[in-house]
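Structure data (mmCIF, C-alpha atoms) from data29.cif:
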data_final
loop_
_atom_site.label_atom_id
_atom_site.label_comp_id
_atom_site.auth_asym_id
_atom_site.auth_seq_id
_atom_site.Cartn_x
_atom_site.Cartn_y
_atom_site.Cartn_z
CA MET A 23 -24.48 0.17 -35.21
CA ALA A 24 -21.95 -2.63 -35.62
CA LYS A 25 -21.63 -4.97 -32.67
CA GLU A 26 -18.25 -4.80 -31.01
CA THR A 27 -16.40 -8.06 -31.49
CA ILE A 28 -13.99 -9.28 -28.86
CA ASN A 29 -11.05 -11.29 -29.97
CA ASP A 30 -10.91 -13.95 -27.30
CA PRO A 31 -8.22 -16.61 -27.77
CA ASP A 32 -10.02 -18.89 -25.30
CA LEU A 33 -13.42 -18.74 -26.96
CA GLU A 34 -13.20 -22.18 -28.52
CA TRP A 35 -12.38 -23.86 -25.20
CA VAL A 36 -15.11 -21.87 -23.51
CA GLN A 37 -17.74 -22.87 -26.07
CA ARG A 38 -16.75 -26.50 -25.81
CA ALA A 39 -16.92 -26.31 -22.02
CA GLN A 40 -20.34 -24.67 -22.27
CA GLU A 41 -21.51 -27.63 -24.34
CA GLY A 42 -20.48 -29.93 -21.51
CA ASP A 43 -16.93 -30.88 -22.48
CA THR A 44 -15.26 -31.11 -19.08
CA ARG A 45 -11.82 -31.60 -20.65
CA ALA A 46 -12.15 -28.20 -22.32
CA PHE A 47 -12.76 -26.64 -18.92
CA ASP A 48 -9.74 -28.53 -17.55
CA GLU A 49 -7.68 -26.81 -20.25
CA LEU A 50 -8.91 -23.47 -19.00
CA VAL A 51 -8.04 -24.44 -15.42
CA VAL A 52 -4.52 -25.43 -16.50
CA LYS A 53 -4.08 -22.19 -18.41
CA PHE A 54 -5.41 -19.78 -15.81
CA SER A 55 -4.59 -21.37 -12.46
CA PRO A 56 -0.98 -20.02 -12.28
CA ARG A 57 -2.07 -16.43 -12.98
CA LEU A 58 -5.08 -16.57 -10.69
CA TYR A 59 -3.05 -18.32 -8.01
CA ALA A 60 -0.52 -15.50 -8.07
CA MET A 61 -3.24 -12.87 -7.83
CA VAL A 62 -5.01 -14.57 -4.93
CA TYR A 63 -1.73 -15.31 -3.15
CA HIS A 64 -0.49 -11.73 -3.34
CA MET A 65 -3.84 -10.56 -2.04
CA THR A 66 -4.05 -13.02 0.87
CA SER A 67 -0.35 -13.78 1.56
CA ASN A 68 -1.41 -17.21 2.75
CA ARG A 69 -0.94 -20.45 0.82
CA ASP A 70 -3.74 -22.47 2.40
CA ASP A 71 -6.27 -19.72 1.93
CA THR A 72 -5.10 -19.29 -1.65
CA HIS A 73 -5.50 -22.98 -2.40
CA ASP A 74 -9.04 -23.19 -0.98
CA LEU A 75 -10.10 -19.96 -2.57
CA LEU A 76 -8.77 -20.96 -5.98
CA GLN A 77 -10.72 -24.23 -5.85
CA ASP A 78 -13.86 -22.26 -5.03
CA ILE A 79 -13.17 -19.76 -7.82
CA PHE A 80 -12.93 -22.44 -10.49
CA ALA A 81 -15.96 -24.27 -9.09
CA LYS A 82 -17.98 -21.07 -9.28
CA ALA A 83 -16.72 -20.30 -12.78
CA TYR A 84 -17.73 -23.79 -13.88
CA ARG A 85 -21.23 -23.40 -12.46
CA SER A 86 -21.63 -19.95 -14.03
CA LEU A 87 -20.10 -20.84 -17.38
CA LYS A 88 -23.46 -21.08 -19.15
CA ARG A 89 -24.08 -17.44 -18.29
CA PHE A 90 -20.83 -16.29 -19.92
CA ARG A 91 -22.00 -14.40 -23.03
CA GLY A 92 -18.65 -13.24 -24.39
CA LYS A 93 -19.18 -9.55 -23.59
CA SER A 94 -15.60 -9.55 -22.29
CA THR A 95 -12.76 -12.01 -22.75
CA PHE A 96 -12.89 -15.15 -20.66
CA TYR A 97 -9.73 -13.98 -18.92
CA THR A 98 -11.37 -10.75 -17.78
CA TRP A 99 -14.53 -12.64 -16.77
CA ILE A 100 -12.79 -15.25 -14.62
CA TYR A 101 -10.41 -12.64 -13.22
CA SER A 102 -13.43 -10.61 -12.08
CA ILE A 103 -14.87 -13.67 -10.33
CA ALA A 104 -11.52 -14.31 -8.66
CA THR A 105 -11.09 -10.70 -7.55
CA ASN A 106 -14.61 -10.40 -6.14
CA MET A 107 -14.35 -13.67 -4.27
CA THR A 108 -10.93 -12.74 -2.89
CA LEU A 109 -12.11 -9.32 -1.73
CA ASN A 110 -15.14 -10.92 -0.04
CA PHE A 111 -12.90 -13.49 1.60
CA LEU A 112 -10.55 -10.79 2.91
CA LYS A 113 -13.48 -8.87 4.41
CA LYS A 114 -14.67 -12.01 6.19
CA ARG A 115 -11.15 -12.80 7.38
CA LYS A 116 -10.78 -9.30 8.75
CA ARG A 117 -14.07 -9.64 10.64
CA ARG A 118 -13.02 -13.03 12.01
CA ALA A 119 -9.66 -11.64 13.12
CA ALA A 120 -11.37 -8.69 14.78
CA GLN A 121 -13.74 -11.02 16.62
CA SER A 122 -11.06 -13.42 17.83
CA LEU A 123 -8.30 -12.07 20.02
CA ASP A 124 -6.29 -15.26 19.49
CA ASP A 125 -6.16 -14.92 15.74
CA VAL A 126 -3.71 -12.08 15.23
CA ASP A 127 -3.08 -12.67 11.52
CA SER A 128 -0.71 -15.51 12.31
CA GLY A 129 0.95 -16.77 9.19
CA ILE A 130 -0.64 -14.14 7.01
CA GLN A 131 2.13 -11.63 6.71
CA ASN A 132 5.17 -13.84 6.80
CA ASP A 133 4.32 -16.77 4.58
CA ASP A 134 7.37 -16.94 2.34
CA ALA A 135 7.07 -20.51 1.14
CA MET A 136 6.63 -19.45 -2.46
CA VAL A 137 10.07 -17.98 -2.88
CA ASP A 138 12.32 -19.81 -5.26
CA LEU A 139 14.98 -17.09 -5.49
CA ARG A 140 16.77 -18.65 -2.52
CA HIS A 141 17.91 -21.60 -4.63
CA VAL A 142 20.32 -19.37 -6.53
CA ALA A 143 21.60 -17.26 -3.65
CA ASN A 144 24.41 -17.75 -1.12
CA PRO A 145 23.54 -17.78 2.63
CA ARG A 146 24.12 -14.04 3.11
CA GLN A 147 22.07 -13.21 0.03
CA GLN A 148 19.43 -15.69 1.16
CA SER A 149 18.94 -13.92 4.46
CA GLY A 150 18.76 -10.57 2.64
CA ILE A 151 16.19 -11.94 0.21
CA HIS A 152 14.20 -13.42 3.05
CA GLU A 153 14.20 -10.10 4.86
CA LEU A 154 13.20 -8.20 1.73
CA GLN A 155 10.43 -10.64 1.00
CA LYS A 156 9.08 -10.33 4.51
CA LYS A 157 9.15 -6.56 4.18
CA LEU A 158 7.41 -6.67 0.81
CA ASN A 159 4.67 -8.91 2.22
CA GLU A 160 4.17 -6.60 5.18
CA THR A 161 4.06 -3.61 2.85
CA LEU A 162 1.43 -5.23 0.63
CA GLN A 163 -0.65 -6.25 3.63
CA SER A 164 -0.53 -2.71 4.99
CA LEU A 165 -2.51 -1.50 1.98
CA SER A 166 -6.29 -1.62 1.87
CA GLU A 167 -7.76 -4.51 -0.14
CA ASP A 168 -8.74 -2.21 -3.01
CA HIS A 169 -5.27 -0.69 -3.26
CA ARG A 170 -3.61 -4.08 -2.91
CA ALA A 171 -5.71 -5.40 -5.78
CA VAL A 172 -4.51 -2.72 -8.21
CA VAL A 173 -0.89 -3.05 -7.08
CA THR A 174 -1.06 -6.82 -7.53
CA MET A 175 -2.54 -6.56 -10.98
CA PHE A 176 -0.44 -3.67 -12.26
CA ASP A 177 2.96 -3.88 -10.55
CA ILE A 178 3.22 -7.63 -10.02
CA GLN A 179 1.18 -9.14 -12.82
CA GLY A 180 1.70 -6.42 -15.40
CA LEU A 181 -1.94 -5.99 -16.46
CA PRO A 182 -2.73 -2.75 -18.32
CA HIS A 183 -4.87 -0.04 -16.69
CA ALA A 184 -7.75 -0.67 -19.09
CA GLN A 185 -8.02 -4.34 -18.20
CA ILE A 186 -7.80 -3.64 -14.46
CA SER A 187 -10.62 -1.12 -14.80
CA LYS A 188 -12.79 -3.73 -16.55
CA ILE A 189 -12.01 -6.41 -13.98
CA LEU A 190 -12.73 -4.19 -11.00
CA GLY A 191 -15.57 -2.29 -12.64
CA ILE A 192 -14.00 1.11 -11.95
CA SER A 193 -12.71 3.87 -14.23
CA GLU A 194 -9.13 3.99 -15.48
CA GLY A 195 -8.71 7.26 -13.59
CA THR A 196 -9.61 5.50 -10.35
CA VAL A 197 -7.11 2.75 -11.14
CA ARG A 198 -4.38 5.36 -11.65
CA SER A 199 -5.23 7.29 -8.51
CA ARG A 200 -5.32 4.12 -6.40
CA LEU A 201 -1.94 3.14 -7.80
CA TYR A 202 -0.48 6.55 -7.03
CA TYR A 203 -1.78 6.50 -3.47
CA ALA A 204 -0.58 2.90 -2.94
CA HIS A 205 2.91 3.77 -4.23
CA GLN A 206 3.11 6.68 -1.81
CA GLN A 207 2.16 4.41 1.06
CA MET A 208 4.63 1.72 0.01
CA GLN A 209 7.45 4.26 -0.26
CA ALA A 210 6.99 5.06 3.41
CA HIS A 211 7.25 1.37 4.29
CA LEU A 212 10.25 0.60 2.10
CA THR A 213 12.50 3.59 2.82
CA ASP A 214 15.41 1.30 3.86
CA TYR A 215 15.45 -0.29 0.44
CA LEU A 216 15.13 2.85 -1.69
CA MET B 1 15.11 6.55 -11.11
CA THR B 2 12.35 8.15 -9.01
CA PRO B 3 11.39 6.68 -5.61
CA GLU B 4 8.05 5.59 -7.12
CA GLU B 5 9.83 3.66 -9.87
CA LYS B 6 12.08 2.05 -7.25
CA VAL B 7 9.04 0.94 -5.28
CA GLN B 8 7.48 -0.51 -8.41
CA LYS B 9 10.69 -2.38 -9.20
CA LEU B 10 10.87 -3.80 -5.68
CA ILE B 11 7.26 -4.91 -5.54
CA ALA B 12 7.63 -6.48 -8.99
CA LEU B 13 10.10 -8.94 -7.46
CA LYS B 14 7.12 -10.75 -6.03
CA ARG B 15 6.26 -12.05 -9.49
CA TYR B 16 9.15 -14.51 -9.14
CA GLU B 17 7.49 -16.21 -6.21
CA GLN B 18 6.18 -19.57 -7.28
CA PRO B 19 4.29 -22.40 -5.58
CA PRO B 20 6.09 -25.75 -5.09
CA GLU B 21 6.83 -27.79 -8.19
CA GLY B 22 3.95 -29.99 -9.34
CA TYR B 23 1.44 -27.91 -7.43
CA PHE B 24 -0.74 -27.15 -10.44
CA ASP B 25 -0.94 -30.82 -11.54
CA ASP B 26 -2.19 -31.72 -8.07
CA PHE B 27 -4.49 -28.74 -8.14
CA LEU B 28 -6.22 -29.94 -11.32
CA SER B 29 -6.61 -33.49 -9.95
CA GLU B 30 -8.15 -32.12 -6.76
CA PHE B 31 -10.47 -29.88 -8.73
CA GLN B 32 -11.69 -32.79 -10.87
CA GLN B 33 -12.19 -34.95 -7.78
CA ARG B 34 -14.13 -32.18 -6.07
CA GLN B 35 -16.35 -31.65 -9.08
CA ARG B 36 -17.24 -35.36 -9.20
CA GLU B 37 -18.02 -35.44 -5.47
CA GLU B 38 -20.14 -32.32 -5.74
CA LEU B 39 -22.09 -33.85 -8.60
CA LEU B 40 -22.76 -37.01 -6.60
CA GLN B 41 -23.78 -35.14 -3.47
CA ARG B 42 -26.27 -32.88 -5.19
CA SER B 43 -29.84 -34.04 -5.13
CA ALA B 44 -31.83 -34.85 -8.23
CA ILE B 45 -34.08 -31.87 -7.48
CA SER B 46 -31.22 -29.36 -7.47
CA LEU B 47 -29.81 -30.85 -10.68
CA GLY B 48 -33.24 -30.71 -12.29
CA TRP B 49 -33.71 -27.12 -11.19
CA GLU B 50 -30.32 -26.13 -12.58
CA ARG B 51 -31.14 -27.79 -15.90
CA PHE B 52 -34.46 -25.94 -15.97
CA LEU B 53 -32.72 -22.61 -15.32
CA THR B 54 -30.18 -23.32 -18.03
CA TRP B 55 -32.89 -24.25 -20.51
CA PHE B 56 -34.90 -21.20 -19.46
CA SER B 57 -31.94 -18.88 -20.04
CA GLU B 58 -31.53 -20.27 -23.54
CA VAL B 59 -35.08 -19.97 -24.85
CA GLY B 60 -34.72 -16.26 -25.70
CA TRP B 61 -37.50 -13.66 -25.55
CA SER B 62 -40.26 -16.28 -25.44
CA LYS B 63 -39.14 -17.08 -21.89
CA TRP B 64 -40.95 -13.95 -20.68
CA ILE B 65 -44.25 -15.18 -22.14
CA LEU B 66 -43.60 -18.61 -20.69
CA GLY B 67 -42.57 -17.14 -17.34
CA GLY B 68 -45.69 -14.95 -17.25
CA GLY B 69 -47.88 -17.96 -18.07
CA LEU B 70 -46.26 -20.03 -15.35
CA ALA B 71 -46.62 -17.23 -12.80
CA TYR B 72 -50.31 -16.82 -13.75
CA ALA B 73 -50.88 -20.58 -13.46
CA ALA B 74 -49.20 -20.64 -10.04
CA LEU B 75 -51.33 -17.70 -8.90
CA MET B 76 -54.54 -19.37 -10.05
CA LEU B 77 -53.52 -22.60 -8.35
CA VAL B 78 -52.98 -20.77 -5.07
CA PHE B 79 -56.32 -18.99 -5.53
CA VAL B 80 -58.19 -22.28 -6.14
CA ILE B 81 -56.55 -23.94 -3.14
CA VAL B 82 -57.33 -21.04 -0.82
CA LYS B 83 -60.90 -20.65 -2.12
CA GLY B 84 -61.59 -24.38 -1.88
CA LYS B 85 -60.72 -24.57 1.81
CA PRO B 86 -63.73 -25.00 4.19
CA VAL B 87 -64.32 -21.92 6.29
CA ALA B 88 -63.56 -22.60 9.92
CA PRO B 89 -66.20 -21.44 12.45
CA ALA B 90 -65.36 -18.15 14.10
CA PRO B 91 -63.82 -18.60 17.54
CA PRO B 92 -66.02 -17.59 20.48
CA GLU B 93 -65.24 -14.05 21.51
CA ALA B 94 -67.47 -13.75 24.56
CA GLY B 95 -64.70 -14.61 27.02
CA LEU B 96 -62.14 -12.27 25.46
CA GLN B 97 -61.14 -9.26 27.53
CA PRO B 98 -59.55 -6.18 25.96
CA ALA B 99 -55.87 -5.74 26.65
CA SER B 100 -54.95 -3.15 29.22
CA TYR B 101 -53.72 -0.70 26.58
CA GLN B 102 -56.88 -1.04 24.50
CA GLY B 103 -59.23 0.52 27.04
CA ALA B 104 -62.93 -0.22 27.26
CA PRO B 105 -64.82 -0.98 24.07
CA MET B 106 -67.03 1.78 22.69
CA HIS B 107 -70.12 -0.39 22.71
CA SER B 108 -70.37 -3.44 24.86
CA ALA B 109 -72.46 -6.36 23.69
CA ARG B 110 -76.13 -5.74 24.11
CA PRO B 111 -77.74 -7.63 27.04
CA LEU B 112 -79.55 -10.79 26.27
CA ARG B 113 -83.24 -10.35 25.92
CA VAL B 114 -85.64 -12.39 27.91
CA VAL B 115 -88.41 -13.33 25.58
CA ASP B 116 -91.77 -13.62 27.07
CA PHE B 117 -93.97 -14.98 24.35
CA GLU B 118 -97.10 -13.94 26.12
CA ASN B 119 -96.22 -10.28 27.04
CA GLY B 120 -93.71 -9.52 24.34
CA THR B 121 -89.98 -8.88 24.61
CA ARG B 122 -88.69 -7.72 28.01
CA TYR B 123 -85.33 -7.04 29.50
CA ARG B 124 -84.16 -8.29 32.84
CA LYS B 125 -84.30 -5.49 35.43
CA ALA B 126 -80.56 -5.11 35.74
CA ASP B 127 -80.19 -5.15 32.01
CA MET B 128 -82.86 -2.50 31.64
CA ARG B 129 -81.05 -0.21 34.06
CA GLN B 130 -77.85 -0.62 32.14
CA GLU B 131 -79.65 0.07 28.89
CA GLN B 132 -81.11 3.28 30.30
CA ARG B 133 -77.71 4.46 31.52
CA ARG B 134 -76.28 3.88 28.09
CA GLU B 135 -79.01 5.92 26.46
CA PHE B 136 -78.34 8.92 28.75
#
Before anything else, please render the file you have as structure tokens.
Amino acid sequence: MAKETINDPDLEWVQRAQEGDTRAFDELVVKFSPRLYAMVYHMTSNRDDTHDLLQDIFAKAYRSLKRFRGKSTFYTWIYSIATNMTLNFLKKRKRRAAQSLDDVDSGIQNDDAMVDLRHVANPRQQSGIHELQKKLNETLQSLSEDHRAVVTMFDIQGLPHAQISKILGISEGTVRSRLYYAHQQMQAHLTDYL
Amino acid sequence: MTPEEKVQKLIALKRYEQPPEGYFDDFLSEFQQRQREELLQRSAISLGWERFLTWFSEVGWSKWILGGGLAYAALMLVFVIVKGKPVAPAPPEAGLQPASYQGAPMHSARPLRVVDFENGTRYRKADMRQEQRREF
């Protein structure tokens, strides 16, 4: 049986990084940090957490690089690392928040520092955008981590179902059903805007 | 447009959110700095171990033979060390009392014999009585 070949545009950089070329890995960091940042940010809704987590994700990927065998694309591989680490982080954060009565998710739901739409809007539009953004963040945070992950990947980042299923290690059917359920939940939250 | 499509369109607006300008340049610098620090902080043993694991993962199927050989050698080494140890004398047990939950022992230690070399082996009187009770 012929071995399935994966056309990975990053393979050359990956191989060079595996041979110890740190500049090749830097190239991969430059290429993937914006996409992974967005994924982690939409999952956590907190800039500081996103920054720390992203550093840890690339450090882990660097340490594990020798074990990358090319069974998937590098993008899928590093995205899986990022998703797993983010989901683990969110579980820990939830436990911490449950343990501490003082820590009531402060700054988690309303961190809007990433918005750049406000530069092009007038004051009235700005306040509307701010309000909408706050509502969208709250809506995303109201979903479970698993549902938020598929919404982030599909609706915000535009990844196809097949790739999401590979990253999360679930079937495409499960991806679709999670999306459907998440959309139903979000509709209830966003009725004023529909 | 269905409500679900409207929701998707709204949530897609989040893709325009961006971190501050120059963030990713700083991010790379910090990552490089952190990698260097991590490398300096790690001990020679952990680096050596990591290199061994990397080499081990690259040697292919022969690693199983090698791994088996190493495991056998380690086992034999442990065996030789344990076997070579001098045996410590057994601790005296005469003063030990059974724990309350253990109850009385089935057979208590036999009484010491008083050896009379002229008339043969005899028991002390008290010991003899105890011995008789045990036999009945």
Residues returned when the PyMOL selection byres ((chain B) within 7 of (chain A)) runs on this file, as a ChimeraX atom specification: /B:3-4,6-8,11-12,14-15,17-20,31
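Atom pair CA of Ser102 (chain A) / CA of Gly191 (chain A): separated by 8.6 Å.
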Target residues per the PyMOL selection byres ((chain A and resi 27-33) around 12), formatted as a PyMOL selection string: chain A and resi 24-26+34-40+46-47+49-51+53-54+87+90-100
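Distance-wise, CA of Ser86 (chain A) and CA of Arg34 (chain B) end up 16.4 Å apart.
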Point-to-point distance in Å for CA of Thr72 (chain A) and CA of Leu190 (chain A): 19.3 Å
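Ranking A:Leu58, A:Ala171, A:Met65, A:Ile79 by their shortest atom-to-atom distance to Met107 (chain A), with all atoms listed in the file included, puts A:Ile79 first.
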